[in-house]
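Student: Questions regarding the structure given below will be posed in turn.
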Amino acid sequence: AHDNHLVVQRNILKQPIAVDEACDADASALMLALLVRDPAARLGAGASGTADVLAAPFFGALDVDTVIARGYTPAWVPPADGVATRESQEFDEDGVKLEPIPLDEGELDGEEGSAECADFDDFAFTPRGAS
């Protein structure tokens with residue numbers, strides 16, 4: 001993280017976009033095409049719009065008609081009330097059950113109210129102006 005917002009903004013506008021080499025090639029190509037700085041040149045900005053995005057090799061195995069018809073069975077469905085349960089937090093994004101990691105004494109020293117958490121004093125999950 002950088003403290004100077006102007007430097008951050010300049011980096012967003014000028015620095016080359018790098019994708020981790022471990023990332024799937026089709027996923028990398030899609031991300032880079034969606035992150036083109038010129039909005040008119042971005043994937044999906046042309047006359048075909050979303051169809052161009054969905055035609056990307058990343059989505060090759062995806063049947064869009066099945067998605068629209070809600071024909072796929074998800075590996076996990078979040079609770080309807082939007083409240084995550086402890087059980088839902090015990091799985092990673094691939095649905096693999098996560099094992100608890102034992103903490104050493106003192107690992108939770110960054111608890112609320114500590115100096116380490118001071119950077120988050122003004123943090124809110126609701127965007128400003130939203131109700």
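Identifiers in the structure tokens: chain A, B, ... in order shown; residue index from 1 per chain; ligand index from 1 in order shown.
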Near range 51-57 of chain A, counting only C-alpha atoms, which residues have an atom at most 7 Å away, once you skip same-chain residues fewer than 6 positions from it, shown as an mmCIF file with N, CA and C atoms, in the first residue's frame?

Tutor:
```cif
data_model
loop_
_atom_site.group_PDB
_atom_site.id
_atom_site.type_symbol
_atom_site.label_atom_id
_atom_site.label_comp_id
_atom_site.auth_asym_id
_atom_site.auth_seq_id
_atom_site.Cartn_x
_atom_site.Cartn_y
_atom_site.Cartn_z
ATOM 1 N N ASP A 26 -5.668 -18.374 -20.281
ATOM 2 C CA ASP A 26 -6.949 -17.823 -20.733
ATOM 3 C C ASP A 26 -7.487 -16.798 -19.738
ATOM 4 N N LEU A 30 -8.041 -12.779 -20.497
ATOM 5 C CA LEU A 30 -9.331 -12.139 -20.236
ATOM 6 C C LEU A 30 -9.158 -10.924 -19.328
ATOM 7 N N LEU A 43 -12.213 -5.159 -24.059
ATOM 8 C CA LEU A 43 -13.048 -6.280 -24.467
ATOM 9 C C LEU A 43 -14.461 -6.018 -23.971
ATOM 10 N N GLY A 44 -15.427 -6.133 -24.874
ATOM 11 C CA GLY A 44 -16.818 -5.901 -24.518
ATOM 12 C C GLY A 44 -17.302 -4.505 -24.833
#
```

Student: Would you pick out the contacts of Ala29 in chain A at 12 Å or less, using only C-alpha atoms, so that residues sharing its chain but fewer than 6 positions from it are not included, and give the list as a PDB file with N, CA, C and O atoms, in the first residue's frame?

Tutor:
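Okay, this is what ended up in part_24.pdb:
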```pdb
ATOM      1  N   ILE A  17       0.318  -3.429 -16.483  1.00  0.00           N
ATOM      2  CA  ILE A  17      -0.478  -4.366 -15.699  1.00  0.00           C
ATOM      3  C   ILE A  17       0.215  -5.717 -15.755  1.00  0.00           C
ATOM      4  O   ILE A  17       0.513  -6.224 -16.840  1.00  0.00           O
ATOM      5  N   ALA A  18       0.477  -6.283 -14.602  1.00  0.00           N
ATOM      6  CA  ALA A  18       1.162  -7.571 -14.528  1.00  0.00           C
ATOM      7  C   ALA A  18       0.216  -8.622 -13.967  1.00  0.00           C
ATOM      8  O   ALA A  18      -0.526  -8.361 -13.031  1.00  0.00           O
ATOM      9  N   VAL A  19       0.244  -9.787 -14.581  1.00  0.00           N
ATOM     10  CA  VAL A  19      -0.551 -10.910 -14.105  1.00  0.00           C
ATOM     11  C   VAL A  19       0.426 -11.990 -13.663  1.00  0.00           C
ATOM     12  O   VAL A  19       1.404 -12.269 -14.356  1.00  0.00           O
ATOM     13  N   ASP A  20       0.156 -12.577 -12.519  1.00  0.00           N
ATOM     14  CA  ASP A  20       1.022 -13.631 -11.985  1.00  0.00           C
ATOM     15  C   ASP A  20       1.177 -14.738 -13.018  1.00  0.00           C
ATOM     16  O   ASP A  20       0.202 -15.190 -13.621  1.00  0.00           O
ATOM     17  N   GLU A  21       2.406 -15.176 -13.227  1.00  0.00           N
ATOM     18  CA  GLU A  21       2.671 -16.210 -14.239  1.00  0.00           C
ATOM     19  C   GLU A  21       2.009 -17.540 -13.906  1.00  0.00           C
ATOM     20  O   GLU A  21       1.818 -18.382 -14.789  1.00  0.00           O
ATOM     21  N   CYS A  23      -1.022 -17.794 -13.103  1.00  0.00           N
ATOM     22  CA  CYS A  23      -2.415 -17.653 -13.525  1.00  0.00           C
ATOM     23  C   CYS A  23      -2.620 -18.345 -14.872  1.00  0.00           C
ATOM     24  O   CYS A  23      -1.772 -18.275 -15.759  1.00  0.00           O
ATOM     25  N   LEU A  35      -8.974  -5.001 -18.661  1.00  0.00           N
ATOM     26  CA  LEU A  35      -8.287  -3.907 -17.963  1.00  0.00           C
ATOM     27  C   LEU A  35      -7.567  -2.939 -18.896  1.00  0.00           C
ATOM     28  O   LEU A  35      -6.782  -2.117 -18.427  1.00  0.00           O
ATOM     29  N   VAL A  36      -7.840  -3.010 -20.194  1.00  0.00           N
ATOM     30  CA  VAL A  36      -7.249  -2.049 -21.133  1.00  0.00           C
ATOM     31  C   VAL A  36      -7.649  -0.651 -20.673  1.00  0.00           C
ATOM     32  O   VAL A  36      -8.812  -0.396 -20.353  1.00  0.00           O
ATOM     33  N   ARG A  42     -11.477  -1.696 -24.703  1.00  0.00           N
ATOM     34  CA  ARG A  42     -11.634  -2.849 -23.813  1.00  0.00           C
ATOM     35  C   ARG A  42     -12.493  -3.932 -24.441  1.00  0.00           C
ATOM     36  O   ARG A  42     -13.401  -3.655 -25.219  1.00  0.00           O
ATOM     37  N   LEU A  43     -12.213  -5.159 -24.059  1.00  0.00           N
ATOM     38  CA  LEU A  43     -13.048  -6.280 -24.467  1.00  0.00           C
ATOM     39  C   LEU A  43     -14.461  -6.018 -23.971  1.00  0.00           C
ATOM     40  O   LEU A  43     -14.672  -5.674 -22.815  1.00  0.00           O
ATOM     41  N   VAL A  53     -17.113 -10.675 -24.710  1.00  0.00           N
ATOM     42  CA  VAL A  53     -16.545 -11.150 -23.447  1.00  0.00           C
ATOM     43  C   VAL A  53     -16.810 -12.645 -23.295  1.00  0.00           C
ATOM     44  O   VAL A  53     -15.910 -13.430 -22.987  1.00  0.00           O
ATOM     45  N   ALA A  56     -14.638 -15.175 -25.156  1.00  0.00           N
ATOM     46  CA  ALA A  56     -13.230 -15.341 -24.764  1.00  0.00           C
ATOM     47  C   ALA A  56     -12.956 -16.804 -24.429  1.00  0.00           C
ATOM     48  O   ALA A  56     -13.816 -17.500 -23.880  1.00  0.00           O
ATOM     49  N   PRO A  57     -11.775 -17.304 -24.769  1.00  0.00           N
ATOM     50  CA  PRO A  57     -11.442 -18.701 -24.484  1.00  0.00           C
ATOM     51  C   PRO A  57     -11.659 -19.114 -23.022  1.00  0.00           C
ATOM     52  O   PRO A  57     -11.978 -20.261 -22.738  1.00  0.00           O
ATOM     53  N   PHE A  58     -11.511 -18.165 -22.083  1.00  0.00           N
ATOM     54  CA  PHE A  58     -11.720 -18.476 -20.664  1.00  0.00           C
ATOM     55  C   PHE A  58     -13.094 -19.092 -20.425  1.00  0.00           C
ATOM     56  O   PHE A  58     -13.270 -19.956 -19.585  1.00  0.00           O
ATOM     57  N   PHE A  59     -14.100 -18.618 -21.162  1.00  0.00           N
ATOM     58  CA  PHE A  59     -15.467 -19.099 -20.996  1.00  0.00           C
ATOM     59  C   PHE A  59     -15.810 -20.231 -21.950  1.00  0.00           C
ATOM     60  O   PHE A  59     -16.983 -20.606 -22.081  1.00  0.00           O
TER      61      PHE A  59
END
```

Student: Have a look at CA of Thr50 in chain A and CA of Ile68 in chain A and let me know their distance in Å, one decimal.

Tutor: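 Between these atoms lies a distance of 13.5 Å.
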